[in-house]
Amino acid sequence: MADEADALAALAKILAPHCRVTRLSGGALIADWKRTRFLGMTPADMRVLTEGDAQERAEVVTGLVRAGCATGRRRDHTDAGVRLWLHGAHLLIRTMGFGRVLRLLSVIAPDYARTDSPTAEQVGRLKRAVQSHSRRSCLVDGDCKSEAVTAFVLLRRRGWEAVLHVGVREHPFALHAWVSSAGVCIPDADPRGHAFTPVLSIGRGGA
């Protein structure tokens, strides 16, 4: 049982966000929700993930990548990608309004979740990248709405849980937006020590 659990955990780490794995008596079943199909893995394939050598494991992973069920080694978001999403989110908010952009999140932020969760370190790296590009951009210039939308979309597009909050402060009146994931807020939930009361929270895929 322990070996089966280890194999399932190893498989879950390499699967693409749109795939789920279920243990069966004869191995495992991978549900590919993006292509609406199912792929089976034999007990021998599962054992390779925990007991096989590096070459054998690589062959199994390569097969999953070719089948579209795995994405290989996952990397952090690139600086160029963060910058493009940040500027794109800012332009959308400027042209369409923040409320309409929030309603678009169900389209641009997919509604699926990975079997693993992001670490605070991973979300922290994204936070530093988003805020660094935001502060250096004369277009965005530290806009919390653009930072929050960018962070939400990038986290959700990797299949990670994230919640976008819109908060209000009464004295003096102000609005603020931020995203929470793995205990990290992008941008900070209480900038400069000012507390904001959430009045709207958006979770999976804008729902």
# chains A, B, ... in the order shown; residues from 1 in each chain; ligands from 1
call {"tool": "residues_around", "arguments": {"residues": "Ser181 (chain A)", "least_positions_apart": "3", "cutoff": "8 Å", "atoms": "only C-alpha atoms", "output": "ChimeraX atom specification"}}
result
/A:118,120,123,161-163,184-185
call {"tool": "residues_around", "arguments": {"residues": "Lys34 (chain A)", "least_positions_apart": "6", "cutoff": "10 Å", "atoms": "only C-alpha atoms", "output": "ChimeraX atom specification"}}
result
/A:16-19,68-69,112
call {"tool": "atom_distance", "arguments": {"atom1": "CA of Ala109 (chain A)", "atom2": "CA of Arg37 (chain A)"}}
result
22.1 Å
call {"tool": "closest_residue", "arguments": {"among": "A:Trp178, A:His171, A:Gly124, A:Ala9", "to": "His194 (chain A)", "atoms": "only C-alpha atoms"}}
result
A:His171
call {"tool": "select_by_dssp", "arguments": {"residues": "region 23-139 of chain A", "states": "strand (DSSP E or B)", "output": "list of chain:residue names"}}
result
A:Arg23, A:Leu24, A:Gly27, A:Ala28, A:Leu29, A:Ile30, A:Ala31, A:Asp32, A:Arg37, A:Phe38, A:Leu39, A:Gly40, A:Met41, A:Ala70
call {"tool": "write_last_selection", "arguments": {"atoms": "all heavy atoms", "output": "compact mmCIF listing (two decimals), in the first residue's frame"}}
result
# COMPACT_ATOMS: atom_id res chain seq x y z
N ARG A 23 -6.28 5.61 -8.32
CA ARG A 23 -5.70 4.28 -8.14
C ARG A 23 -6.74 3.21 -8.46
O ARG A 23 -7.90 3.29 -8.04
CB ARG A 23 -5.20 4.10 -6.71
CG ARG A 23 -4.55 2.73 -6.47
CD ARG A 23 -3.86 2.69 -5.13
NE ARG A 23 -4.76 3.01 -4.04
CZ ARG A 23 -4.37 3.21 -2.79
NH1 ARG A 23 -3.08 3.17 -2.50
NH2 ARG A 23 -5.24 3.47 -1.84
N LEU A 24 -6.32 2.22 -9.22
CA LEU A 24 -7.17 1.07 -9.53
C LEU A 24 -6.46 -0.20 -9.09
O LEU A 24 -5.24 -0.20 -8.87
CB LEU A 24 -7.46 1.01 -11.04
CG LEU A 24 -8.19 2.22 -11.66
CD1 LEU A 24 -8.29 2.02 -13.16
CD2 LEU A 24 -9.57 2.38 -11.04
N GLY A 27 -3.54 -1.00 -11.47
CA GLY A 27 -2.65 0.10 -11.82
C GLY A 27 -3.27 1.43 -11.47
O GLY A 27 -3.67 1.68 -10.33
N ALA A 28 -3.39 2.32 -12.46
CA ALA A 28 -3.95 3.65 -12.22
C ALA A 28 -4.64 4.14 -13.49
O ALA A 28 -4.31 3.71 -14.61
CB ALA A 28 -2.87 4.63 -11.79
N LEU A 29 -5.59 5.03 -13.30
CA LEU A 29 -6.31 5.63 -14.43
C LEU A 29 -6.09 7.13 -14.39
O LEU A 29 -6.31 7.79 -13.38
CB LEU A 29 -7.81 5.33 -14.32
CG LEU A 29 -8.68 5.88 -15.46
CD1 LEU A 29 -8.38 5.12 -16.75
CD2 LEU A 29 -10.16 5.77 -15.10
N ILE A 30 -5.63 7.68 -15.53
CA ILE A 30 -5.42 9.11 -15.66
C ILE A 30 -6.58 9.70 -16.45
O ILE A 30 -6.86 9.28 -17.57
CB ILE A 30 -4.09 9.42 -16.37
CG1 ILE A 30 -2.91 8.89 -15.55
CG2 ILE A 30 -3.94 10.92 -16.60
CD1 ILE A 30 -1.58 9.02 -16.26
N ALA A 31 -7.27 10.66 -15.85
CA ALA A 31 -8.37 11.36 -16.53
C ALA A 31 -7.83 12.66 -17.10
O ALA A 31 -7.36 13.51 -16.36
CB ALA A 31 -9.51 11.63 -15.56
N ASP A 32 -7.86 12.78 -18.42
CA ASP A 32 -7.41 13.98 -19.12
C ASP A 32 -8.65 14.81 -19.45
O ASP A 32 -9.33 14.58 -20.45
CB ASP A 32 -6.66 13.59 -20.39
CG ASP A 32 -6.08 14.78 -21.14
OD1 ASP A 32 -6.48 15.92 -20.83
OD2 ASP A 32 -5.26 14.57 -22.03
N ARG A 37 -10.53 12.34 -22.22
CA ARG A 37 -10.10 10.96 -22.47
C ARG A 37 -9.49 10.39 -21.21
O ARG A 37 -9.20 11.12 -20.25
CB ARG A 37 -9.09 10.92 -23.62
CG ARG A 37 -7.80 11.65 -23.30
CD ARG A 37 -6.79 11.54 -24.41
NE ARG A 37 -5.58 12.25 -24.08
CZ ARG A 37 -4.46 12.20 -24.80
NH1 ARG A 37 -4.43 11.47 -25.91
NH2 ARG A 37 -3.39 12.86 -24.43
N PHE A 38 -9.29 9.07 -21.22
CA PHE A 38 -8.72 8.38 -20.07
C PHE A 38 -7.56 7.51 -20.53
O PHE A 38 -7.64 6.86 -21.59
CB PHE A 38 -9.79 7.51 -19.38
CG PHE A 38 -10.94 8.31 -18.84
CD1 PHE A 38 -12.05 8.56 -19.63
CD2 PHE A 38 -10.90 8.82 -17.56
CE1 PHE A 38 -13.12 9.30 -19.14
CE2 PHE A 38 -11.95 9.57 -17.06
CZ PHE A 38 -13.06 9.81 -17.85
N LEU A 39 -6.49 7.48 -19.74
CA LEU A 39 -5.33 6.67 -20.06
C LEU A 39 -5.03 5.78 -18.87
O LEU A 39 -5.08 6.21 -17.72
CB LEU A 39 -4.10 7.53 -20.38
CG LEU A 39 -4.15 8.37 -21.67
CD1 LEU A 39 -4.80 9.71 -21.40
CD2 LEU A 39 -2.75 8.58 -22.23
N GLY A 40 -4.72 4.53 -19.15
CA GLY A 40 -4.41 3.58 -18.08
C GLY A 40 -2.92 3.40 -17.91
O GLY A 40 -2.14 3.49 -18.86
N MET A 41 -2.50 3.14 -16.67
CA MET A 41 -1.11 2.81 -16.37
C MET A 41 -1.08 1.46 -15.68
O MET A 41 -1.85 1.21 -14.74
CB MET A 41 -0.48 3.88 -15.47
CG MET A 41 -0.28 5.21 -16.17
SD MET A 41 0.82 6.31 -15.25
CE MET A 41 2.39 5.45 -15.42
N ALA A 70 1.60 15.24 -19.22
CA ALA A 70 2.63 15.78 -18.34
C ALA A 70 3.35 16.90 -19.07
O ALA A 70 3.42 16.91 -20.31
CB ALA A 70 3.62 14.69 -17.91
call {"tool": "closest_residue", "arguments": {"among": "A:Gln122, A:Ser180, A:Ser201, A:Thr42", "to": "Gly167 (chain A)", "atoms": "only C-alpha atoms"}}
result
A:Ser201
call {"tool": "atom_distance", "arguments": {"atom1": "CA of Ser117 (chain A)", "atom2": "CA of Phe152 (chain A)"}}
result
14.6 Å
call {"tool": "closest_residue", "arguments": {"among": "A:Cys138, A:Met96, A:Ala80, A:Ile202", "to": "His165 (chain A)", "atoms": "only C-alpha atoms"}}
result
A:Ile202
call {"tool": "residues_around", "arguments": {"residues": "Arg125 (chain A)", "least_positions_apart": "3", "cutoff": "12 Å", "atoms": "only C-alpha atoms", "output": "MDAnalysis selection string"}}
result
chainID A and resid 75:79 82 118:122 128:132 151 155 184:186
call {"tool": "write_last_selection", "arguments": {"atoms": "N, CA and C atoms", "output": "compact mmCIF listing (two decimals), in the first residue's frame"}}
result
# COMPACT_ATOMS: atom_id res chain seq x y z
N ARG A 75 8.82 25.13 -14.52
CA ARG A 75 9.70 26.24 -14.18
C ARG A 75 8.88 27.40 -13.63
N ASP A 76 9.58 28.31 -12.97
CA ASP A 76 8.91 29.50 -12.48
C ASP A 76 8.47 30.34 -13.66
N HIS A 77 7.58 31.27 -13.39
CA HIS A 77 7.15 32.18 -14.44
C HIS A 77 8.33 33.02 -14.90
N THR A 78 8.43 33.22 -16.20
CA THR A 78 9.53 34.01 -16.74
C THR A 78 9.26 35.50 -16.54
N ASP A 79 10.33 36.28 -16.50
CA ASP A 79 10.19 37.73 -16.36
C ASP A 79 9.38 38.31 -17.51
N VAL A 82 5.64 37.50 -17.02
CA VAL A 82 5.05 38.32 -15.97
C VAL A 82 4.83 39.75 -16.47
N PRO A 118 1.03 25.06 -4.30
CA PRO A 118 2.25 25.86 -4.37
C PRO A 118 2.82 26.06 -2.98
N THR A 119 4.11 26.25 -2.90
CA THR A 119 4.74 26.57 -1.63
C THR A 119 4.77 28.08 -1.46
N ALA A 120 4.95 28.52 -0.22
CA ALA A 120 5.05 29.95 0.04
C ALA A 120 6.25 30.55 -0.71
N GLU A 121 7.30 29.75 -0.87
CA GLU A 121 8.48 30.23 -1.60
C GLU A 121 8.15 30.47 -3.07
N GLN A 122 7.40 29.56 -3.69
CA GLN A 122 7.05 29.73 -5.10
C GLN A 122 6.16 30.95 -5.30
N ARG A 128 7.52 38.77 -5.92
CA ARG A 128 8.66 39.66 -6.16
C ARG A 128 8.75 40.05 -7.63
N ALA A 129 8.48 39.10 -8.52
CA ALA A 129 8.55 39.40 -9.95
C ALA A 129 7.45 40.39 -10.36
N VAL A 130 6.21 40.15 -9.89
CA VAL A 130 5.10 41.03 -10.24
C VAL A 130 5.35 42.44 -9.73
N GLN A 131 5.75 42.56 -8.47
CA GLN A 131 5.92 43.90 -7.90
C GLN A 131 7.14 44.61 -8.46
N SER A 132 8.17 43.84 -8.79
CA SER A 132 9.36 44.46 -9.38
C SER A 132 9.04 45.08 -10.73
N ALA A 151 -1.37 38.26 -10.89
CA ALA A 151 -1.01 37.16 -10.00
C ALA A 151 -2.08 36.06 -10.02
N LEU A 155 -1.28 32.27 -11.41
CA LEU A 155 -1.41 31.16 -10.48
C LEU A 155 -2.46 30.16 -10.97
N VAL A 184 0.49 33.69 1.16
CA VAL A 184 1.19 34.88 0.66
C VAL A 184 0.19 35.77 -0.06
N CYS A 185 0.29 37.08 0.12
CA CYS A 185 -0.61 38.03 -0.54
C CYS A 185 0.15 38.83 -1.58
N ILE A 186 -0.46 38.97 -2.77
CA ILE A 186 0.14 39.73 -3.88
C ILE A 186 -0.88 40.76 -4.36
call {"tool": "select_by_dssp", "arguments": {"residues": "chain A", "states": "alpha helix (DSSP H)", "output": "mmCIF file with C-alpha atoms, in the first residue's frame"}}
result
data_model
loop_
_atom_site.group_PDB
_atom_site.id
_atom_site.type_symbol
_atom_site.label_atom_id
_atom_site.label_comp_id
_atom_site.auth_asym_id
_atom_site.auth_seq_id
_atom_site.Cartn_x
_atom_site.Cartn_y
_atom_site.Cartn_z
ATOM 1 C CA ALA A 2 2.819 2.386 0.855
ATOM 2 C CA ASP A 3 4.503 1.715 -2.499
ATOM 3 C CA GLU A 4 1.226 2.380 -4.333
ATOM 4 C CA ALA A 5 0.737 5.624 -2.435
ATOM 5 C CA ASP A 6 4.319 6.700 -3.233
ATOM 6 C CA ALA A 7 3.776 5.904 -6.909
ATOM 7 C CA LEU A 8 0.541 7.905 -6.989
ATOM 8 C CA ALA A 9 2.251 10.854 -5.299
ATOM 9 C CA ALA A 10 5.136 10.727 -7.784
ATOM 10 C CA LEU A 11 2.695 10.551 -10.687
ATOM 11 C CA ALA A 12 0.595 13.444 -9.370
ATOM 12 C CA LYS A 13 3.682 15.689 -9.265
ATOM 13 C CA ILE A 14 4.412 15.292 -12.974
ATOM 14 C CA PRO A 43 1.211 -1.825 -12.165
ATOM 15 C CA ALA A 44 4.625 -2.238 -13.812
ATOM 16 C CA ASP A 45 4.595 1.403 -14.971
ATOM 17 C CA MET A 46 3.620 2.525 -11.482
ATOM 18 C CA ARG A 47 6.449 0.521 -9.919
ATOM 19 C CA VAL A 48 8.942 2.160 -12.264
ATOM 20 C CA LEU A 49 8.113 5.544 -10.733
ATOM 21 C CA THR A 50 9.281 4.396 -7.302
ATOM 22 C CA GLU A 51 11.631 1.493 -7.971
ATOM 23 C CA ALA A 54 16.598 7.113 -13.842
ATOM 24 C CA GLN A 55 16.378 5.933 -17.448
ATOM 25 C CA GLU A 56 13.239 3.864 -16.810
ATOM 26 C CA ARG A 57 11.525 6.724 -15.016
ATOM 27 C CA ALA A 58 12.486 9.083 -17.837
ATOM 28 C CA GLU A 59 10.867 6.741 -20.370
ATOM 29 C CA VAL A 60 7.577 6.723 -18.433
ATOM 30 C CA VAL A 61 7.615 10.522 -18.052
ATOM 31 C CA THR A 62 8.455 10.986 -21.739
ATOM 32 C CA GLY A 63 5.480 8.805 -22.665
ATOM 33 C CA LEU A 64 3.188 10.955 -20.505
ATOM 34 C CA VAL A 65 4.596 14.148 -22.020
ATOM 35 C CA ARG A 66 4.007 12.863 -25.552
ATOM 36 C CA ASP A 79 10.186 37.730 -16.357
ATOM 37 C CA ALA A 80 8.950 38.335 -19.892
ATOM 38 C CA GLY A 81 5.712 36.450 -19.198
ATOM 39 C CA VAL A 82 5.045 38.324 -15.967
ATOM 40 C CA ARG A 83 5.710 41.670 -17.664
ATOM 41 C CA LEU A 84 3.401 40.898 -20.600
ATOM 42 C CA TRP A 85 0.536 39.755 -18.358
ATOM 43 C CA LEU A 86 1.012 42.755 -16.072
ATOM 44 C CA HIS A 87 0.858 45.269 -18.916
ATOM 45 C CA GLY A 88 -2.002 43.398 -20.557
ATOM 46 C CA ALA A 89 -4.015 43.348 -17.321
ATOM 47 C CA HIS A 90 -3.386 47.058 -16.802
ATOM 48 C CA LEU A 91 -4.541 47.950 -20.314
ATOM 49 C CA LEU A 92 -7.671 45.803 -19.937
ATOM 50 C CA ILE A 93 -8.542 47.528 -16.669
ATOM 51 C CA ARG A 94 -7.956 50.966 -18.196
ATOM 52 C CA THR A 95 -10.099 50.272 -21.260
ATOM 53 C CA MET A 96 -12.837 48.011 -19.874
ATOM 54 C CA PHE A 98 -12.020 46.733 -13.215
ATOM 55 C CA GLY A 99 -15.490 45.215 -12.758
ATOM 56 C CA ARG A 100 -15.671 43.898 -16.319
ATOM 57 C CA VAL A 101 -12.171 42.477 -16.101
ATOM 58 C CA LEU A 102 -13.165 40.577 -12.958
ATOM 59 C CA ARG A 103 -16.025 39.017 -14.903
ATOM 60 C CA LEU A 104 -13.536 37.963 -17.599
ATOM 61 C CA LEU A 105 -11.493 35.941 -15.128
ATOM 62 C CA SER A 106 -13.614 32.857 -15.760
ATOM 63 C CA VAL A 107 -12.302 32.942 -19.355
ATOM 64 C CA ILE A 108 -8.642 33.823 -18.842
ATOM 65 C CA ALA A 120 5.054 29.955 0.037
ATOM 66 C CA GLU A 121 8.479 30.228 -1.598
ATOM 67 C CA GLN A 122 7.047 29.726 -5.102
ATOM 68 C CA VAL A 123 4.289 32.283 -4.567
ATOM 69 C CA GLY A 124 6.836 34.609 -2.966
ATOM 70 C CA ARG A 125 8.999 34.478 -6.086
ATOM 71 C CA LEU A 126 5.986 35.365 -8.218
ATOM 72 C CA LYS A 127 5.163 38.231 -5.860
ATOM 73 C CA ARG A 128 8.657 39.659 -6.163
ATOM 74 C CA ALA A 129 8.545 39.399 -9.953
ATOM 75 C CA VAL A 130 5.097 41.030 -10.237
ATOM 76 C CA GLN A 131 5.920 43.897 -7.897
ATOM 77 C CA SER A 132 9.364 44.459 -9.377
ATOM 78 C CA HIS A 133 7.973 44.866 -12.905
ATOM 79 C CA SER A 134 5.035 46.909 -11.606
ATOM 80 C CA ARG A 135 7.220 49.449 -9.838
ATOM 81 C CA ARG A 136 9.641 49.769 -12.741
ATOM 82 C CA CYS A 144 -2.716 46.996 -7.012
ATOM 83 C CA LYS A 145 -5.550 45.988 -9.364
ATOM 84 C CA SER A 146 -3.142 45.122 -12.178
ATOM 85 C CA GLU A 147 -0.849 43.234 -9.812
ATOM 86 C CA ALA A 148 -3.739 41.257 -8.306
ATOM 87 C CA VAL A 149 -5.261 40.276 -11.660
ATOM 88 C CA THR A 150 -1.848 39.279 -13.031
ATOM 89 C CA ALA A 151 -1.014 37.155 -10.000
ATOM 90 C CA PHE A 152 -4.451 35.492 -10.004
ATOM 91 C CA VAL A 153 -4.279 34.601 -13.695
ATOM 92 C CA LEU A 154 -0.712 33.273 -13.559
ATOM 93 C CA LEU A 155 -1.412 31.157 -10.482
ATOM 94 C CA ARG A 156 -4.682 29.774 -11.855
ATOM 95 C CA ARG A 157 -3.158 29.032 -15.268
#
call {"tool": "atom_distance", "arguments": {"atom1": "CA of Leu139 (chain A)", "atom2": "CA of Gly97 (chain A)"}}
result
15.9 Å
call {"tool": "decode", "arguments": {"residues": "region 17-40 of chain A", "atoms": "N, CA and C atoms", "output": "CSV table (one decimal), in the first residue's frame"}}
result
chain,number,residue,atom,x,y,z
A,17,PRO,N,-1.8,20.1,-15.2
A,17,PRO,CA,-2.9,20.6,-14.4
A,17,PRO,C,-4.3,20.0,-14.7
A,18,HIS,N,-4.5,19.7,-16.0
A,18,HIS,CA,-5.8,19.3,-16.4
A,18,HIS,C,-6.0,17.8,-16.2
A,19,CYS,N,-5.1,17.1,-15.6
A,19,CYS,CA,-5.2,15.6,-15.5
A,19,CYS,C,-5.3,15.3,-14.0
A,20,ARG,N,-6.1,14.2,-13.8
A,20,ARG,CA,-6.2,13.6,-12.4
A,20,ARG,C,-5.9,12.1,-12.5
A,21,VAL,N,-5.4,11.6,-11.4
A,21,VAL,CA,-5.0,10.2,-11.4
A,21,VAL,C,-5.8,9.5,-10.3
A,22,THR,N,-6.3,8.3,-10.6
A,22,THR,CA,-7.1,7.5,-9.6
A,22,THR,C,-6.5,6.1,-9.5
A,23,ARG,N,-6.3,5.6,-8.3
A,23,ARG,CA,-5.7,4.3,-8.1
A,23,ARG,C,-6.7,3.2,-8.5
A,24,LEU,N,-6.3,2.2,-9.2
A,24,LEU,CA,-7.2,1.1,-9.5
A,24,LEU,C,-6.5,-0.2,-9.1
A,25,SER,N,-7.2,-1.3,-9.0
A,25,SER,CA,-6.6,-2.6,-8.6
A,25,SER,C,-5.6,-3.0,-9.6
A,26,GLY,N,-5.7,-2.6,-10.9
A,26,GLY,CA,-4.8,-3.0,-11.9
A,26,GLY,C,-3.9,-1.9,-12.4
A,27,GLY,N,-3.5,-1.0,-11.5
A,27,GLY,CA,-2.7,0.1,-11.8
A,27,GLY,C,-3.3,1.4,-11.5
A,28,ALA,N,-3.4,2.3,-12.5
A,28,ALA,CA,-4.0,3.6,-12.2
A,28,ALA,C,-4.6,4.1,-13.5
A,29,LEU,N,-5.6,5.0,-13.3
A,29,LEU,CA,-6.3,5.6,-14.4
A,29,LEU,C,-6.1,7.1,-14.4
A,30,ILE,N,-5.6,7.7,-15.5
A,30,ILE,CA,-5.4,9.1,-15.7
A,30,ILE,C,-6.6,9.7,-16.4
A,31,ALA,N,-7.3,10.7,-15.9
A,31,ALA,CA,-8.4,11.4,-16.5
A,31,ALA,C,-7.8,12.7,-17.1
A,32,ASP,N,-7.9,12.8,-18.4
A,32,ASP,CA,-7.4,14.0,-19.1
A,32,ASP,C,-8.6,14.8,-19.5
A,33,TRP,N,-9.0,15.8,-18.6
A,33,TRP,CA,-10.2,16.6,-18.8
A,33,TRP,C,-10.1,17.6,-19.9
A,34,LYS,N,-8.9,17.9,-20.3
A,34,LYS,CA,-8.7,18.9,-21.4
A,34,LYS,C,-9.1,18.2,-22.7
A,35,ARG,N,-8.8,16.9,-22.9
A,35,ARG,CA,-9.1,16.2,-24.2
A,35,ARG,C,-10.2,15.2,-24.0
A,36,THR,N,-10.8,15.2,-22.8
A,36,THR,CA,-11.9,14.3,-22.5
A,36,THR,C,-11.6,12.8,-22.9
A,37,ARG,N,-10.5,12.3,-22.2
A,37,ARG,CA,-10.1,11.0,-22.5
A,37,ARG,C,-9.5,10.4,-21.2
A,38,PHE,N,-9.3,9.1,-21.2
A,38,PHE,CA,-8.7,8.4,-20.1
A,38,PHE,C,-7.6,7.5,-20.5
A,39,LEU,N,-6.5,7.5,-19.7
A,39,LEU,CA,-5.3,6.7,-20.1
A,39,LEU,C,-5.0,5.8,-18.9
A,40,GLY,N,-4.7,4.5,-19.1
A,40,GLY,CA,-4.4,3.6,-18.1
A,40,GLY,C,-2.9,3.4,-17.9
